[in-house]
$ cat coords36.cif   # mmCIF, C-alpha atoms, pLDDT in the B column; chains and numbers go by the auth columns
data_structure
loop_
_atom_site.group_PDB
_atom_site.id
_atom_site.type_symbol
_atom_site.label_atom_id
_atom_site.label_comp_id
_atom_site.label_asym_id
_atom_site.label_seq_id
_atom_site.Cartn_x
_atom_site.Cartn_y
_atom_site.Cartn_z
_atom_site.B_iso_or_equiv
_atom_site.auth_seq_id
_atom_site.auth_asym_id
ATOM 1 C CA MET A 1 -2.942 163.524 138.365 43.00 1376 A
ATOM 2 C CA THR A 2 -0.497 160.872 139.429 44.00 1377 A
ATOM 3 C CA THR A 3 0.834 161.642 142.859 44.00 1378 A
ATOM 4 C CA TYR A 4 3.459 159.677 144.696 44.00 1379 A
ATOM 5 C CA SER A 5 3.139 159.302 148.418 45.00 1380 A
ATOM 6 C CA LEU A 6 4.157 156.936 151.169 42.00 1381 A
ATOM 7 C CA ASN A 7 0.478 156.917 152.025 44.00 1382 A
ATOM 8 C CA GLU A 8 -0.286 154.890 148.885 47.00 1383 A
ATOM 9 C CA GLU A 9 1.323 151.851 150.510 52.00 1384 A
ATOM 10 C CA LYS A 10 -1.002 152.204 153.489 56.00 1385 A
ATOM 11 C CA ASN A 11 -4.103 152.657 151.297 60.00 1386 A
ATOM 12 C CA VAL A 12 -4.620 156.173 152.633 60.00 1387 A
ATOM 13 C CA PRO A 13 -6.309 158.411 150.049 70.00 1388 A
ATOM 14 C CA ILE A 14 -4.199 161.240 148.700 72.00 1389 A
ATOM 15 C CA ASP A 15 -5.518 164.698 149.435 79.00 1390 A
ATOM 16 C CA GLU A 16 -4.878 166.672 146.238 80.00 1391 A
ATOM 17 C CA GLU A 17 -5.836 170.008 147.809 81.00 1392 A
ATOM 18 C CA LYS A 18 -3.437 169.513 150.698 86.00 1393 A
ATOM 19 C CA ALA A 19 -0.669 168.426 148.319 82.00 1394 A
ATOM 20 C CA PHE A 20 -1.239 171.563 146.215 85.00 1395 A
ATOM 21 C CA TYR A 21 -1.236 173.675 149.389 87.00 1396 A
ATOM 22 C CA TYR A 22 2.196 172.360 150.400 87.00 1397 A
ATOM 23 C CA ALA A 23 3.593 172.619 146.864 87.00 1398 A
ATOM 24 C CA ARG A 24 2.427 176.242 146.747 89.00 1399 A
ATOM 25 C CA LYS A 25 3.851 176.936 150.194 91.00 1400 A
ATOM 26 C CA GLY A 26 7.259 175.607 149.110 92.00 1401 A
ATOM 27 C CA ALA A 27 7.035 177.445 145.795 91.00 1402 A
ATOM 28 C CA LEU A 28 6.504 180.726 147.632 92.00 1403 A
ATOM 29 C CA LYS A 29 9.798 180.024 149.405 94.00 1404 A
ATOM 30 C CA ASN A 30 11.430 179.672 145.963 92.00 1405 A
ATOM 31 C CA ASP A 31 11.917 175.904 146.196 93.00 1406 A
ATOM 32 C CA ALA A 32 12.462 174.764 142.580 93.00 1407 A
ATOM 33 C CA LEU A 33 10.952 171.304 143.023 91.00 1408 A
ATOM 34 C CA CYS A 34 7.864 172.746 144.730 93.00 1409 A
ATOM 35 C CA GLN A 35 7.506 175.260 141.894 95.00 1410 A
ATOM 36 C CA PHE A 36 7.588 172.349 139.457 93.00 1411 A
ATOM 37 C CA TYR A 37 4.923 170.435 141.410 91.00 1412 A
ATOM 38 C CA GLN A 38 2.779 173.537 141.664 93.00 1413 A
ATOM 39 C CA GLY A 39 2.966 173.777 137.862 94.00 1414 A
ATOM 40 C CA GLN A 40 1.978 170.120 137.564 91.00 1415 A
ATOM 41 C CA TYR A 41 -1.091 170.725 139.704 90.00 1416 A
ATOM 42 C CA TYR A 42 -2.057 173.705 137.560 91.00 1417 A
ATOM 43 C CA LEU A 43 -1.587 171.613 134.428 89.00 1418 A
ATOM 44 C CA GLU A 44 -3.279 168.401 135.559 86.00 1419 A
ATOM 45 C CA GLY A 45 -5.174 169.294 138.710 75.00 1420 A
ATOM 46 C CA GLY A 46 -8.726 169.198 137.417 66.00 1421 A
ATOM 47 C CA ASP A 47 -11.252 171.969 136.869 65.00 1422 A
ATOM 48 C CA SER A 48 -10.614 173.868 140.089 68.00 1423 A
ATOM 49 C CA LEU A 49 -6.869 174.210 139.485 72.00 1424 A
ATOM 50 C CA ASN A 50 -6.464 173.896 135.731 82.00 1425 A
ATOM 51 C CA ASN A 51 -4.574 176.937 134.499 91.00 1426 A
ATOM 52 C CA ASP A 52 -2.097 176.394 131.658 94.00 1427 A
ATOM 53 C CA ILE A 53 -0.613 179.893 131.917 95.00 1428 A
ATOM 54 C CA GLU A 54 0.101 179.512 135.639 94.00 1429 A
ATOM 55 C CA ALA A 55 1.579 176.065 134.953 95.00 1430 A
ATOM 56 C CA PHE A 56 3.927 177.534 132.341 97.00 1431 A
ATOM 57 C CA LEU A 57 5.006 180.323 134.713 96.00 1432 A
ATOM 58 C CA CYS A 58 5.694 177.853 137.532 96.00 1433 A
ATOM 59 C CA PHE A 59 7.759 175.633 135.221 97.00 1434 A
ATOM 60 C CA GLU A 60 9.658 178.680 133.995 97.00 1435 A
ATOM 61 C CA LYS A 61 10.578 179.767 137.545 97.00 1436 A
ATOM 62 C CA SER A 62 11.639 176.252 138.459 96.00 1437 A
ATOM 63 C CA ALA A 63 13.663 175.775 135.268 95.00 1438 A
ATOM 64 C CA LYS A 64 15.591 178.999 135.935 96.00 1439 A
ATOM 65 C CA LYS A 65 16.841 177.242 139.077 94.00 1440 A
ATOM 66 C CA GLY A 66 17.900 174.202 137.032 88.00 1441 A
ATOM 67 C CA GLU A 67 15.143 171.714 137.916 89.00 1442 A
ATOM 68 C CA PRO A 68 15.199 169.030 135.153 84.00 1443 A
ATOM 69 C CA LYS A 69 11.531 168.138 135.659 88.00 1444 A
ATOM 70 C CA ALA A 70 10.673 171.774 134.995 94.00 1445 A
ATOM 71 C CA PHE A 71 12.555 171.625 131.693 94.00 1446 A
ATOM 72 C CA GLU A 72 10.270 168.774 130.710 93.00 1447 A
ATOM 73 C CA GLY A 73 7.227 170.743 131.889 95.00 1448 A
ATOM 74 C CA LEU A 74 8.258 173.687 129.708 97.00 1449 A
ATOM 75 C CA ALA A 75 8.933 171.344 126.800 96.00 1450 A
ATOM 76 C CA LYS A 76 5.415 169.930 127.044 95.00 1451 A
ATOM 77 C CA CYS A 77 3.933 173.430 127.256 97.00 1452 A
ATOM 78 C CA TYR A 78 5.745 174.457 124.075 98.00 1453 A
ATOM 79 C CA TYR A 79 5.045 171.133 122.345 97.00 1454 A
ATOM 80 C CA TYR A 80 1.293 171.217 122.982 96.00 1455 A
ATOM 81 C CA GLY A 81 0.829 175.011 123.163 97.00 1456 A
ATOM 82 C CA LEU A 82 -0.214 175.023 126.835 96.00 1457 A
ATOM 83 C CA GLY A 83 -0.046 178.495 128.349 95.00 1458 A
ATOM 84 C CA ILE A 84 2.256 179.662 125.563 97.00 1459 A
ATOM 85 C CA GLN A 85 2.241 179.626 121.764 97.00 1460 A
ATOM 86 C CA GLN A 86 3.165 176.225 120.337 97.00 1461 A
ATOM 87 C CA ASP A 87 6.841 176.151 119.354 97.00 1462 A
ATOM 88 C CA PHE A 88 8.454 172.825 118.424 97.00 1463 A
ATOM 89 C CA ILE A 89 11.949 174.309 118.274 96.00 1464 A
ATOM 90 C CA LYS A 90 11.740 175.490 121.898 97.00 1465 A
ATOM 91 C CA ALA A 91 10.074 172.208 122.872 96.00 1466 A
ATOM 92 C CA ARG A 92 13.047 170.332 121.418 94.00 1467 A
ATOM 93 C CA GLU A 93 15.536 172.585 123.233 94.00 1468 A
ATOM 94 C CA TYR A 94 13.859 171.934 126.571 95.00 1469 A
ATOM 95 C CA LEU A 95 13.500 168.206 125.910 94.00 1470 A
ATOM 96 C CA ILE A 96 17.232 167.995 125.261 92.00 1471 A
ATOM 97 C CA LYS A 97 17.919 170.004 128.427 92.00 1472 A
ATOM 98 C CA THR A 98 15.670 167.635 130.350 90.00 1473 A
ATOM 99 C CA LEU A 99 17.761 164.679 129.256 89.00 1474 A
ATOM 100 C CA GLU A 100 21.143 166.416 129.584 87.00 1475 A
ATOM 101 C CA TYR A 101 20.514 167.654 133.118 81.00 1476 A
ATOM 102 C CA GLY A 102 18.050 165.061 134.307 72.00 1477 A
ATOM 103 C CA ILE A 103 19.479 161.651 133.506 67.00 1478 A
ATOM 104 C CA PRO A 104 22.975 162.129 135.011 58.00 1479 A
ATOM 105 C CA ASN A 105 21.602 163.842 138.124 63.00 1480 A
ATOM 106 C CA ASN A 106 18.431 161.799 138.616 62.00 1481 A
ATOM 107 C CA PRO A 107 19.155 158.246 137.441 60.00 1482 A
ATOM 108 C CA TYR A 108 15.976 156.894 139.041 58.00 1483 A
ATOM 109 C CA GLU A 109 13.598 159.382 137.422 69.00 1484 A
ATOM 110 C CA ASP A 110 11.443 158.371 134.481 77.00 1485 A
ATOM 111 C CA PHE A 111 12.446 160.265 131.342 81.00 1486 A
ATOM 112 C CA GLY A 112 10.408 158.083 128.983 86.00 1487 A
ATOM 113 C CA SER A 113 8.059 160.900 128.069 89.00 1488 A
ATOM 114 C CA ALA A 114 10.860 163.330 127.166 91.00 1489 A
ATOM 115 C CA ASN A 115 12.562 160.720 124.985 92.00 1490 A
ATOM 116 C CA TYR A 116 9.259 159.854 123.342 93.00 1491 A
ATOM 117 C CA LEU A 117 8.433 163.482 122.474 94.00 1492 A
ATOM 118 C CA LEU A 118 11.906 163.934 120.954 94.00 1493 A
ATOM 119 C CA GLY A 119 11.264 160.815 118.903 94.00 1494 A
ATOM 120 C CA GLN A 120 7.966 162.338 117.748 94.00 1495 A
ATOM 121 C CA CYS A 121 9.729 165.551 116.742 95.00 1496 A
ATOM 122 C CA TYR A 122 12.317 163.664 114.691 94.00 1497 A
ATOM 123 C CA GLU A 123 9.823 161.214 113.180 94.00 1498 A
ATOM 124 C CA ASN A 124 7.419 163.946 112.062 94.00 1499 A
ATOM 125 C CA GLY A 125 9.848 166.776 111.318 95.00 1500 A
ATOM 126 C CA LEU A 126 8.393 169.012 114.026 94.00 1501 A
ATOM 127 C CA GLY A 127 10.568 172.103 114.206 86.00 1502 A
ATOM 128 C CA TYR A 128 13.335 170.655 112.038 84.00 1503 A
ATOM 129 C CA GLU A 129 13.931 168.010 109.376 92.00 1504 A
ATOM 130 C CA LYS A 130 12.738 164.449 109.755 95.00 1505 A
ATOM 131 C CA ASN A 131 15.378 162.021 110.929 95.00 1506 A
ATOM 132 C CA ILE A 132 14.141 158.460 111.320 93.00 1507 A
ATOM 133 C CA ASP A 133 17.438 157.235 112.801 94.00 1508 A
ATOM 134 C CA LYS A 134 17.229 159.819 115.593 94.00 1509 A
ATOM 135 C CA ALA A 135 13.534 159.076 116.067 93.00 1510 A
ATOM 136 C CA ARG A 136 14.351 155.381 116.453 92.00 1511 A
ATOM 137 C CA TYR A 137 17.122 156.195 118.960 93.00 1512 A
ATOM 138 C CA TYR A 138 14.828 158.297 121.166 93.00 1513 A
ATOM 139 C CA TYR A 139 11.978 155.790 120.947 92.00 1514 A
ATOM 140 C CA LYS A 140 14.373 153.058 122.090 91.00 1515 A
ATOM 141 C CA GLU A 141 15.557 155.260 124.948 90.00 1516 A
ATOM 142 C CA SER A 142 11.936 155.884 125.902 90.00 1517 A
ATOM 143 C CA ALA A 143 11.190 152.160 125.728 89.00 1518 A
ATOM 144 C CA LYS A 144 13.854 151.583 128.406 86.00 1519 A
ATOM 145 C CA TYR A 145 11.408 153.311 130.758 84.00 1520 A
ATOM 146 C CA HIS A 146 8.617 151.003 129.493 83.00 1521 A
ATOM 147 C CA TYR A 147 6.857 153.952 127.877 80.00 1522 A
ATOM 148 C CA GLU A 148 4.018 152.245 125.983 83.00 1523 A
ATOM 149 C CA ASN A 149 3.709 154.800 123.174 82.00 1524 A
ATOM 150 C CA ALA A 150 7.392 154.346 122.358 85.00 1525 A
ATOM 151 C CA LEU A 151 7.031 150.566 122.289 80.00 1526 A
ATOM 152 C CA ASP A 152 4.109 150.968 119.885 80.00 1527 A
ATOM 153 C CA ALA A 153 6.065 153.400 117.680 85.00 1528 A
ATOM 154 C CA ILE A 154 8.970 150.955 117.414 83.00 1529 A
ATOM 155 C CA LYS A 155 6.667 148.046 116.535 81.00 1530 A
ATOM 156 C CA GLU A 156 4.351 149.888 114.153 84.00 1531 A
ATOM 157 C CA ARG A 157 6.225 152.723 112.477 77.00 1532 A
ATOM 158 C CA ILE A 158 9.982 152.562 112.925 72.00 1533 A
#
$ encode --input "coords36.cif" --output "structure tokens"
Amino acid sequence: MTTYSLNEEKNVPIDEEKAFYYARKGALKNDALCQFYQGQYYLEGGDSLNNDIEAFLCFEKSAKKGEPKAFEGLAKCYYYGLGIQQDFIKAREYLIKTLEYGIPNNPYEDFGSANYLLGQCYENGLGYEKNIDKARYYYKESAKYHYENALDAIKERI
């Protein structure tokens, strides 16, 4: 799991267990961002933490409080069927919410993945009709974040 920390600059190893502990502690206090990070640890935290259902539930709690990152977490759960039945229509709804709420409020966050998945939905007709123009638009938006898969899609398919 990619973890951001001031310690990275000092070459201090990141303690995943301690990070999860503090994310969980904040989540128990109903902090939306901590609930999101707790979900991320459940989703990507390795064998000891991996629990797709718990990840989905954490994202759901966080999203109810309006956390844009949690919208993206829910979108990925629905898109890939992690902890919930796969549903491209709901994935699309949450991807759009991610971009609507996230970009204006968090201009420095990376929304390349959300744009890319929307491009995939439009390119492949996942949950609704194919629309290559919309796919191209979202791939280009994703490419602004230097998202490699989007750059490849633009070069190879669109």
$ closest_residue --input "coords36.cif" --among "A:Ala1445, A:Glu1429, A:Ile1507, A:Gln1413" --to "Arg1399 (chain A)" --atoms "all atoms listed in the file"
A:Gln1413
$ atom_distance --input "coords36.cif" --atom1 "CA of Gly1414 (chain A)" --atom2 "CA of Gly1448 (chain A)"
7.9 Å
$ resolve_selection --input "coords36.cif" --expression "the PyMOL selection byres ((chain A and resi 1457-1469) around 7)" --output "number ranges by chain"
A: 1427-1428, 1431, 1446-1447, 1449-1456, 1470-1473, 1493, 1501-1502
$ atom_distance --input "coords36.cif" --atom1 "CA of His1521 (chain A)" --atom2 "CA of Lys1509 (chain A)"
18.6 Å
$ closest_residue --input "coords36.cif" --among "A:Tyr1513, A:Asp1508, A:Ser1437, A:Lys1519" --to "Asp1485 (chain A)" --atoms "only C-alpha atoms"
A:Lys1519
$ residues_around --input "coords36.cif" --residues "Tyr1417 (chain A)" --least-positions-apart "6" --cutoff "6 Å" --atoms "only C-alpha atoms" --output "PDB file with C-alpha atoms, keeping the file's coordinate frame"
ATOM      1  CA  LEU A1424      -6.869 174.210 139.485  1.00 72.00           C
ATOM      2  CA  ASN A1425      -6.464 173.896 135.731  1.00 82.00           C
ATOM      3  CA  ASN A1426      -4.574 176.937 134.499  1.00 91.00           C
ATOM      4  CA  ALA A1430       1.579 176.065 134.953  1.00 95.00           C
TER       5      ALA A1430
END
$ axis_aligned_box --input "coords36.cif" --around "region 1404-1410 of chain A" --padding-each-side "4 Å" --output "AutoDock Vina command-line options"
--center_x 10.0 --center_y 175.7 --center_z 145.6 --size_x 13.0 --size_y 16.7 --size_z 15.5
